[in-house]
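Structure file my_file20.csv with CSV, C-alpha atoms:
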```
chain,number,residue,atom,x,y,z
A,1,MET,CA,118.2,110.2,66.9
A,2,ASN,CA,117.6,107.1,64.8
A,3,SER,CA,115.2,104.4,65.9
A,4,ARG,CA,115.7,100.9,64.7
A,5,PRO,CA,112.9,98.2,64.5
A,6,ALA,CA,113.4,94.9,66.1
A,7,ARG,CA,115.2,92.4,64.0
A,8,GLY,CA,113.4,89.2,62.8
A,9,GLY,CA,110.3,90.0,64.7
A,10,GLN,CA,112.1,89.7,68.0
A,11,HIS,CA,111.3,91.9,71.0
A,12,PRO,CA,113.4,95.1,71.1
A,13,THR,CA,116.4,94.9,73.4
A,14,MET,CA,118.0,97.4,75.8
A,15,ASP,CA,121.0,97.5,73.4
A,16,GLN,CA,118.7,98.7,70.6
A,17,VAL,CA,117.3,101.4,72.9
A,18,ALA,CA,120.8,102.5,73.8
A,19,GLU,CA,121.8,102.7,70.1
A,20,ALA,CA,118.6,104.6,69.2
A,21,ALA,CA,119.2,107.1,72.0
A,22,GLY,CA,123.0,107.4,71.4
A,23,VAL,CA,123.8,106.5,74.9
A,24,SER,CA,125.3,103.5,76.8
A,25,ARG,CA,123.4,100.5,77.8
A,26,ALA,CA,124.2,101.4,81.5
A,27,THR,CA,122.5,104.8,81.0
A,28,VAL,CA,119.4,103.1,79.6
A,29,SER,CA,119.3,100.9,82.7
A,30,ARG,CA,119.6,103.8,85.0
A,31,VAL,CA,116.7,105.6,83.3
A,32,ILE,CA,114.5,102.5,83.5
A,33,ASN,CA,115.3,102.0,87.2
A,34,GLY,CA,114.6,105.6,88.0
A,35,ALA,CA,118.1,106.6,89.1
A,36,PRO,CA,117.9,110.3,90.0
A,37,SER,CA,121.5,111.0,88.7
A,38,VAL,CA,120.5,111.0,85.0
A,39,ASP,CA,120.4,114.3,83.3
A,40,SER,CA,116.8,115.3,82.4
A,41,LYS,CA,117.7,115.8,78.6
A,42,ILE,CA,119.3,112.4,78.5
A,43,ARG,CA,116.4,110.8,80.4
A,44,GLU,CA,114.0,112.3,77.8
A,45,MET,CA,116.1,110.9,74.9
A,46,VAL,CA,116.1,107.5,76.4
A,47,GLN,CA,112.3,107.6,77.1
A,48,ARG,CA,111.7,108.7,73.5
A,49,ALA,CA,113.9,105.8,72.2
A,50,ILE,CA,112.0,103.3,74.4
A,51,ALA,CA,108.7,104.6,72.8
A,52,ASP,CA,110.1,104.5,69.3
A,53,THR,CA,111.6,101.0,69.5
A,54,GLY,CA,108.7,99.6,71.5
A,55,TYR,CA,111.0,98.2,74.2
A,56,VAL,CA,109.3,96.7,77.2
A,57,PRO,CA,111.4,96.5,80.4
A,58,ASN,CA,111.8,93.1,82.0
A,59,VAL,CA,109.8,93.7,85.2
A,60,ALA,CA,111.3,90.7,87.0
A,61,ALA,CA,114.8,91.8,86.2
A,62,ARG,CA,114.1,95.4,87.2
A,63,SER,CA,112.7,94.3,90.6
A,64,LEU,CA,116.0,92.5,91.3
A,65,VAL,CA,117.8,95.8,90.8
A,66,THR,CA,115.3,98.2,92.6
A,67,ARG,CA,114.1,95.6,95.1
A,68,ARG,CA,110.5,96.8,94.4
A,69,SER,CA,107.5,95.1,93.1
A,70,ASN,CA,105.7,98.2,91.8
A,71,SER,CA,102.6,96.9,93.6
A,72,VAL,CA,100.7,98.2,96.7
A,73,ALA,CA,98.2,96.2,98.7
A,74,LEU,CA,94.8,97.6,99.6
A,75,VAL,CA,94.0,95.5,102.7
A,76,ILE,CA,90.4,95.7,103.8
A,77,SER,CA,90.2,94.4,107.3
A,78,GLU,CA,86.7,93.6,108.7
A,79,PRO,CA,85.6,91.9,111.9
A,80,ASP,CA,84.8,88.2,111.8
A,81,ARG,CA,81.6,87.3,110.1
A,82,PRO,CA,79.9,83.9,110.1
A,83,ASP,CA,78.9,84.3,106.5
A,84,ASN,CA,82.0,84.8,104.4
A,85,HIS,CA,79.9,85.4,101.3
A,86,SER,CA,78.1,88.3,103.1
A,87,PHE,CA,81.4,89.8,104.0
A,88,LEU,CA,82.7,89.7,100.4
A,89,ASN,CA,79.4,91.0,99.1
A,90,ARG,CA,79.6,94.1,101.3
A,91,ILE,CA,83.3,94.7,100.3
A,92,PHE,CA,82.4,94.8,96.7
A,93,THR,CA,79.0,96.5,96.8
A,94,ASP,CA,79.5,99.1,99.5
A,95,PRO,CA,80.1,102.5,97.7
A,96,TYR,CA,82.7,103.4,100.3
A,97,PHE,CA,85.1,100.7,99.3
A,98,GLY,CA,84.6,101.4,95.6
A,99,ARG,CA,85.5,105.0,96.2
A,100,ILE,CA,88.6,104.1,98.2
A,101,THR,CA,89.8,101.9,95.4
A,102,ALA,CA,89.1,104.5,92.7
A,103,GLY,CA,90.9,107.2,94.6
A,104,ALA,CA,94.0,105.2,95.4
A,105,THR,CA,94.2,103.9,91.8
A,106,SER,CA,94.0,107.4,90.4
A,107,ALA,CA,97.1,108.4,92.4
A,108,LEU,CA,99.1,105.2,91.8
A,109,ARG,CA,98.4,104.6,88.1
A,110,PRO,CA,100.6,107.5,86.8
A,111,HIS,CA,103.5,106.0,88.7
A,112,ASP,CA,102.9,102.5,87.1
A,113,ILE,CA,102.1,101.1,90.5
A,114,HIS,CA,99.5,98.3,90.6
A,115,LEU,CA,96.9,98.0,93.4
A,116,VAL,CA,96.2,94.5,94.9
A,117,VAL,CA,92.9,94.3,96.8
A,118,ILE,CA,92.9,91.9,99.7
A,119,PRO,CA,89.8,91.5,101.8
A,120,THR,CA,90.4,89.8,105.2
A,121,ASP,CA,89.1,89.2,108.7
A,122,SER,CA,91.0,87.9,111.7
A,123,THR,CA,90.6,84.3,110.7
A,124,ASP,CA,93.1,84.8,107.8
A,125,HIS,CA,95.3,87.6,109.1
A,126,HIS,CA,98.2,85.2,109.2
A,127,GLN,CA,97.9,84.6,105.5
A,128,VAL,CA,97.9,88.4,104.8
A,129,VAL,CA,100.9,88.9,107.1
A,130,ARG,CA,102.8,86.1,105.3
A,131,TYR,CA,102.0,87.5,101.9
A,132,LEU,CA,103.3,91.0,103.0
A,133,ARG,CA,106.4,89.5,104.6
A,134,GLN,CA,107.3,87.7,101.4
A,135,GLY,CA,107.8,91.1,99.6
A,136,HIS,CA,105.0,90.8,97.0
A,137,VAL,CA,104.1,94.5,97.6
A,138,ASP,CA,106.1,97.6,98.4
A,139,GLY,CA,103.5,99.0,100.9
A,140,VAL,CA,100.1,98.7,102.4
A,141,LEU,CA,97.0,100.9,102.3
A,142,LEU,CA,95.0,99.5,105.3
A,143,ILE,CA,91.3,100.0,105.7
A,144,SER,CA,90.8,99.1,109.4
A,145,SER,CA,88.5,100.7,111.9
A,146,HIS,CA,87.4,98.2,114.6
A,147,GLU,CA,88.9,98.5,118.0
A,148,GLN,CA,89.9,94.9,118.4
A,149,ASP,CA,91.6,94.6,115.0
A,150,THR,CA,95.2,93.4,115.5
A,151,LEU,CA,96.2,93.8,111.9
A,152,PRO,CA,97.4,97.5,112.1
A,153,ARG,CA,99.9,96.5,114.8
A,154,GLN,CA,101.0,93.4,112.9
A,155,VAL,CA,101.6,95.4,109.7
A,156,HIS,CA,103.5,98.0,111.7
A,157,ASP,CA,105.7,95.3,113.3
A,158,LEU,CA,106.6,94.0,109.9
A,159,GLY,CA,108.3,97.3,109.1
A,160,ILE,CA,106.6,97.6,105.7
A,161,PRO,CA,105.5,101.1,104.7
A,162,ALA,CA,101.8,101.5,105.5
A,163,VAL,CA,99.1,104.1,105.7
A,164,VAL,CA,95.8,103.6,107.6
A,165,SER,CA,92.4,104.9,106.5
A,166,ALA,CA,91.5,106.4,109.9
A,167,ARG,CA,92.9,107.4,113.2
A,168,PRO,CA,94.2,104.1,114.8
A,169,THR,CA,92.3,102.8,117.7
A,170,SER,CA,95.6,102.1,119.6
A,171,PRO,CA,98.8,104.2,119.8
A,172,ILE,CA,100.9,103.1,116.8
A,173,ALA,CA,103.5,105.1,115.0
A,174,VAL,CA,101.8,104.9,111.6
A,175,SER,CA,100.6,107.5,109.1
A,176,TYR,CA,96.8,107.8,108.6
A,177,VAL,CA,94.3,109.9,106.7
A,178,ASP,CA,90.9,110.7,108.2
A,179,VAL,CA,88.0,113.2,108.1
A,180,ASP,CA,86.8,115.3,111.0
A,181,GLN,CA,84.0,113.0,112.0
A,182,ARG,CA,82.7,115.1,114.9
A,183,LEU,CA,82.5,118.2,112.8
A,184,GLY,CA,80.5,116.3,110.2
A,185,ALA,CA,78.0,115.2,112.8
A,186,ARG,CA,77.8,118.8,114.1
A,187,LEU,CA,77.0,120.0,110.5
A,188,ALA,CA,74.1,117.5,110.5
A,189,ALA,CA,72.8,118.7,113.9
A,190,GLU,CA,73.0,122.4,112.9
A,191,HIS,CA,71.1,121.8,109.7
A,192,LEU,CA,68.3,119.9,111.4
A,193,LEU,CA,68.0,122.6,114.1
A,194,ASN,CA,67.9,125.3,111.5
A,195,ARG,CA,65.0,123.4,109.8
A,196,GLY,CA,63.0,123.7,113.0
A,197,CYS,CA,63.4,120.1,114.1
A,198,ARG,CA,63.1,119.7,117.9
A,199,HIS,CA,62.6,116.0,118.5
A,200,LEU,CA,65.9,114.7,117.2
A,201,ALA,CA,67.4,111.2,117.2
A,202,THR,CA,70.2,109.3,115.5
A,203,ILE,CA,71.0,105.9,114.1
A,204,SER,CA,74.8,105.5,114.8
A,205,GLY,CA,77.3,103.3,113.1
A,206,PRO,CA,78.9,100.4,115.1
A,207,LEU,CA,80.2,101.8,118.3
A,208,ASP,CA,83.4,99.7,118.2
A,209,ILE,CA,84.4,101.8,115.2
A,210,PRO,CA,85.9,105.2,116.0
A,211,SER,CA,84.0,106.8,113.1
A,212,GLY,CA,80.7,105.4,114.5
A,213,LEU,CA,81.4,106.6,118.0
A,214,ASP,CA,82.8,110.0,116.9
A,215,ARG,CA,79.7,110.8,114.8
A,216,LEU,CA,77.4,109.9,117.7
A,217,ASP,CA,79.4,112.0,120.1
A,218,GLY,CA,79.7,114.9,117.7
A,219,PHE,CA,75.9,114.9,117.1
A,220,ARG,CA,74.9,114.5,120.8
A,221,GLY,CA,77.7,116.8,122.1
A,222,TYR,CA,76.6,119.7,119.9
A,223,LEU,CA,72.9,119.3,120.7
A,224,ALA,CA,73.7,119.2,124.4
A,225,THR,CA,75.2,122.7,124.1
A,226,CYS,CA,72.0,123.8,122.4
A,227,GLY,CA,69.7,122.7,125.2
A,228,PHE,CA,69.0,119.1,124.1
A,229,PRO,CA,70.7,116.9,126.7
A,230,THR,CA,69.0,113.7,125.8
A,231,ILE,CA,69.0,112.4,122.2
A,232,PRO,CA,67.6,109.0,121.5
A,233,ALA,CA,70.0,106.8,119.6
A,234,ILE,CA,70.2,103.2,118.3
A,235,GLU,CA,73.2,101.4,117.1
A,236,GLY,CA,73.3,100.3,113.4
A,237,ASP,CA,75.7,98.3,111.3
A,238,PHE,CA,76.3,100.5,108.3
A,239,THR,CA,74.1,98.4,106.0
A,240,ARG,CA,70.7,99.2,104.3
A,241,ALA,CA,69.0,96.3,106.1
A,242,GLY,CA,70.5,97.6,109.4
A,243,GLY,CA,69.1,101.0,108.7
A,244,GLU,CA,65.6,99.7,108.0
A,245,THR,CA,65.6,97.7,111.3
A,246,ALA,CA,67.0,100.5,113.4
A,247,ALA,CA,64.6,103.1,112.1
A,248,ARG,CA,61.6,100.8,112.8
A,249,GLU,CA,62.8,100.2,116.4
A,250,LEU,CA,63.6,103.8,117.0
A,251,LEU,CA,60.2,105.1,115.8
A,252,ALA,CA,58.4,102.4,117.8
A,253,THR,CA,59.7,103.9,121.0
A,254,HIS,CA,60.0,107.6,119.9
A,255,PRO,CA,57.1,108.2,117.4
A,256,ASP,CA,57.4,112.0,117.7
A,257,ILE,CA,60.9,112.2,116.0
A,258,ASP,CA,61.0,115.0,113.5
A,259,GLY,CA,64.7,115.0,112.7
A,260,LEU,CA,67.0,112.0,112.2
A,261,PHE,CA,70.7,111.8,111.6
A,262,VAL,CA,71.9,108.5,110.2
A,263,GLY,CA,75.5,107.4,110.5
A,264,ASN,CA,76.0,106.6,106.8
A,265,ASP,CA,74.1,106.8,103.5
A,266,LEU,CA,73.4,103.1,103.2
A,267,MET,CA,71.6,103.0,106.6
A,268,ALA,CA,69.9,106.3,105.7
A,269,GLU,CA,68.6,104.6,102.5
A,270,GLY,CA,67.2,101.7,104.6
A,271,ALA,CA,65.7,104.2,107.1
A,272,LEU,CA,63.9,106.0,104.3
A,273,ARG,CA,62.3,102.8,103.1
A,274,THR,CA,61.0,102.2,106.7
A,275,LEU,CA,59.6,105.7,106.9
A,276,GLN,CA,57.8,105.2,103.6
A,277,ASP,CA,56.4,101.9,104.8
A,278,LEU,CA,55.2,103.7,108.0
A,279,GLY,CA,53.6,106.5,106.0
A,280,ARG,CA,55.9,109.2,107.3
A,281,ARG,CA,56.5,112.0,104.8
A,282,VAL,CA,60.1,113.1,104.3
A,283,PRO,CA,61.0,115.9,105.0
A,284,ASP,CA,57.5,117.2,106.0
A,285,ASP,CA,57.0,114.8,108.9
A,286,ILE,CA,60.6,113.9,109.5
A,287,ALA,CA,63.9,115.3,108.1
A,288,VAL,CA,66.7,112.9,107.4
A,289,VAL,CA,70.5,113.6,107.1
A,290,GLY,CA,73.0,110.9,106.2
A,291,PHE,CA,76.8,110.7,106.1
A,292,ASP,CA,79.3,110.0,103.3
A,293,ASP,CA,77.7,111.6,100.1
A,294,SER,CA,78.1,108.3,98.3
A,295,SER,CA,76.2,107.0,95.3
A,296,ALA,CA,73.6,105.7,97.8
A,297,ALA,CA,72.6,109.3,98.6
A,298,LEU,CA,71.5,109.7,95.0
A,299,ASP,CA,69.6,106.3,95.0
A,300,CYS,CA,67.4,107.5,97.8
A,301,ARG,CA,63.9,108.9,97.3
A,302,PRO,CA,63.8,111.7,98.2
A,303,LEU,CA,67.4,112.5,97.4
A,304,LEU,CA,69.4,112.4,100.6
A,305,THR,CA,70.8,115.4,102.3
A,306,THR,CA,74.2,114.2,103.7
A,307,VAL,CA,77.5,115.1,105.1
A,308,ARG,CA,80.2,114.7,102.5
A,309,GLN,CA,83.5,113.2,103.3
A,310,PRO,CA,85.8,113.4,100.2
A,311,VAL,CA,86.7,109.7,100.1
A,312,GLU,CA,88.4,109.7,96.7
A,313,GLU,CA,90.6,112.6,97.7
A,314,MET,CA,91.4,110.9,101.0
A,315,ALA,CA,92.3,107.6,99.3
A,316,ALA,CA,94.5,109.5,96.8
A,317,GLU,CA,96.2,111.2,99.7
A,318,MET,CA,96.8,107.9,101.4
A,319,ALA,CA,98.5,106.6,98.2
A,320,GLU,CA,100.7,109.8,98.0
A,321,VAL,CA,101.7,109.5,101.6
A,322,LEU,CA,102.5,105.8,101.1
A,323,MET,CA,104.6,106.5,98.0
A,324,ALA,CA,106.6,109.0,100.0
A,325,HIS,CA,107.3,106.4,102.7
A,326,ILE,CA,108.3,103.9,100.0
A,327,ALA,CA,110.7,106.3,98.4
A,328,THR,CA,112.2,107.5,101.7
A,329,PRO,CA,112.3,104.7,104.3
A,330,GLY,CA,112.4,106.0,107.8
A,331,ARG,CA,110.2,109.0,107.3
A,332,LEU,CA,108.2,110.1,110.3
A,333,PRO,CA,104.5,109.2,110.4
A,334,ARG,CA,102.1,111.8,109.1
A,335,SER,CA,98.5,112.4,109.8
A,336,VAL,CA,96.1,114.2,107.4
A,337,THR,CA,92.6,115.3,108.4
A,338,PHE,CA,90.1,116.4,105.7
A,339,GLN,CA,87.2,118.7,106.4
A,340,PRO,CA,83.6,117.5,105.8
A,341,SER,CA,80.8,119.6,104.2
A,342,LEU,CA,77.0,119.4,104.1
A,343,VAL,CA,75.3,118.6,100.8
A,344,ILE,CA,71.7,119.7,100.9
A,345,ARG,CA,69.2,117.8,98.8
A,346,ASP,CA,65.5,116.9,99.3
A,347,SER,CA,65.4,114.8,102.5
A,348,ALA,CA,66.2,117.7,104.9
```

Spell out the structure here as structure tokens.
Amino acid sequence: MNSRPARGGQHPTMDQVAEAAGVSRATVSRVINGAPSVDSKIREMVQRAIADTGYVPNVAARSLVTRRSNSVALVISEPDRPDNHSFLNRIFTDPYFGRITAGATSALRPHDIHLVVIPTDSTDHHQVVRYLRQGHVDGVLLISSHEQDTLPRQVHDLGIPAVVSARPTSPIAVSYVDVDQRLGARLAAEHLLNRGCRHLATISGPLDIPSGLDRLDGFRGYLATCGFPTIPAIEGDFTRAGGETAARELLATHPDIDGLFVGNDLMAEGALRTLQDLGRRVPDDIAVVGFDDSSAALDCRPLLTTVRQPVEEMAAEMAEVLMAHIATPGRLPRSVTFQPSLVIRDSA
């Protein structure tokens, strides 16, 4: 196979690729557009010719043929917040969202699919829906968890391929990826009991989020079977500041707590700050377990014992499921549930 450089400094053409590969221009086009009917040896010859000539496919022209944008939207839907800056700050600083983005990108990049990150709340859902309806992306990875969020239903009604990051709060025929939240909370309860803790309490996540409610129910439900029917709890908001405030309120009314399960690592980090301010030694006076195994767990002092949910793997699975839906329209919805594990460090 002979390769030929571009003439006169011009960009290589499809005809030059065809000549270099010894095939027709139509065959080159089929390879570029991913037609499955091309023989594997011929496909390899064309791909080698593309590399040798330096040919770059015209993405706009290709999209007219394939009707695909080679882009996927990562839509992060949060409840209304009066401070938009605070909302965006959480989106881009919370380790959870960074891990979701990294996991999805790792699965999409080998397929030359770009990820478009779109933060939104209900005030601009109409803008997101309009953007999706206009065909800018081939599918949606939707991070949505609040019970009153209407966006999952709106995306579903558009008919665009979509995968949700957690079990939907309303019955929608949509694929989703989640972790066994209740089992994770049970792992935390078992560990605290095995340490000898007998005055247990929890700082839950927001209770209008299934994960917050499931973790609370999983923790309390298991302890009830172990002879602890009443477990003090206070609702948090998944932020460091919220963890600080919740821990202070909880200890003011229940100063004898010796085991604390916190609904995510960021709140646990805030709770540890409060315990330090109050002179409570961790884990000697009170053992603390978080949830997520995010980078925040390693920022804590002492290092945080936590329930690990494999967020990067979950996000990659979301992307894989979405690509399958894009490739084969009409596929039945699929649900995937990952198993949590306990990561023991210094706080419990």

What's the separation between atom CA of Ile209 of chain A and atom CA of Leu141 of chain A, in Å to one decimal place?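 So the two atoms, atom CA of Ile209 of chain A and atom CA of Leu141 of chain A, lie 18.1 Å apart.
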
List as a VMD selection string the protein and nucleic acid residues near segment 184-201 of chain A, meaning an atom at most 8 Å away when all atoms listed in the file are counted, but skip any in the same chain fewer than 6 places from it. chain A and resid 215 to 216 218 to 219 222 to 223 231 to 233 256 to 261 287 289 to 291 306 to 308 340 to 342 348

Given all atoms listed in the file as the counted atoms, nearest of A:Asn70, A:Thr274, A:Gln134, A:Asn264 to Leu250 of chain A: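 Looking only at the distances to Leu250 of chain A, the closest residue turns out to be A:Thr274.
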
Give me, as an NGL selection string, all polymer residues having an atom no more than 10 Å from Glu147 of chain A, counting all atoms listed in the file and skipping those fewer than 5 positions away in the same chain. :A and (79 or 168-170 or 207-210)

Selection from above, C-alpha atoms, as a PDB file, in the frame of the given file, can you write it?
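Once written, result04.pdb looks like this:
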```pdb
ATOM      1  CA  PRO A  79      85.600  91.900 111.900  1.00  0.00           C
ATOM      2  CA  PRO A 168      94.200 104.100 114.800  1.00  0.00           C
ATOM      3  CA  THR A 169      92.300 102.800 117.700  1.00  0.00           C
ATOM      4  CA  SER A 170      95.600 102.100 119.600  1.00  0.00           C
ATOM      5  CA  LEU A 207      80.200 101.800 118.300  1.00  0.00           C
ATOM      6  CA  ASP A 208      83.400  99.700 118.200  1.00  0.00           C
ATOM      7  CA  ILE A 209      84.400 101.800 115.200  1.00  0.00           C
ATOM      8  CA  PRO A 210      85.900 105.200 116.000  1.00  0.00           C
TER       9      PRO A 210
END
```

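Among the candidates A:Gln339, A:Arg280, A:Asp346, A:Thr328, the residue lying nearest to Cys300 of chain A is A:Asp346 (atoms considered: all atoms listed in the file).
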
Counting only C-alpha atoms, the residue among A:Arg25, A:Arg240, A:Arg248, A:Arg182 that lies closest to Arg220 of chain A is A:Arg182
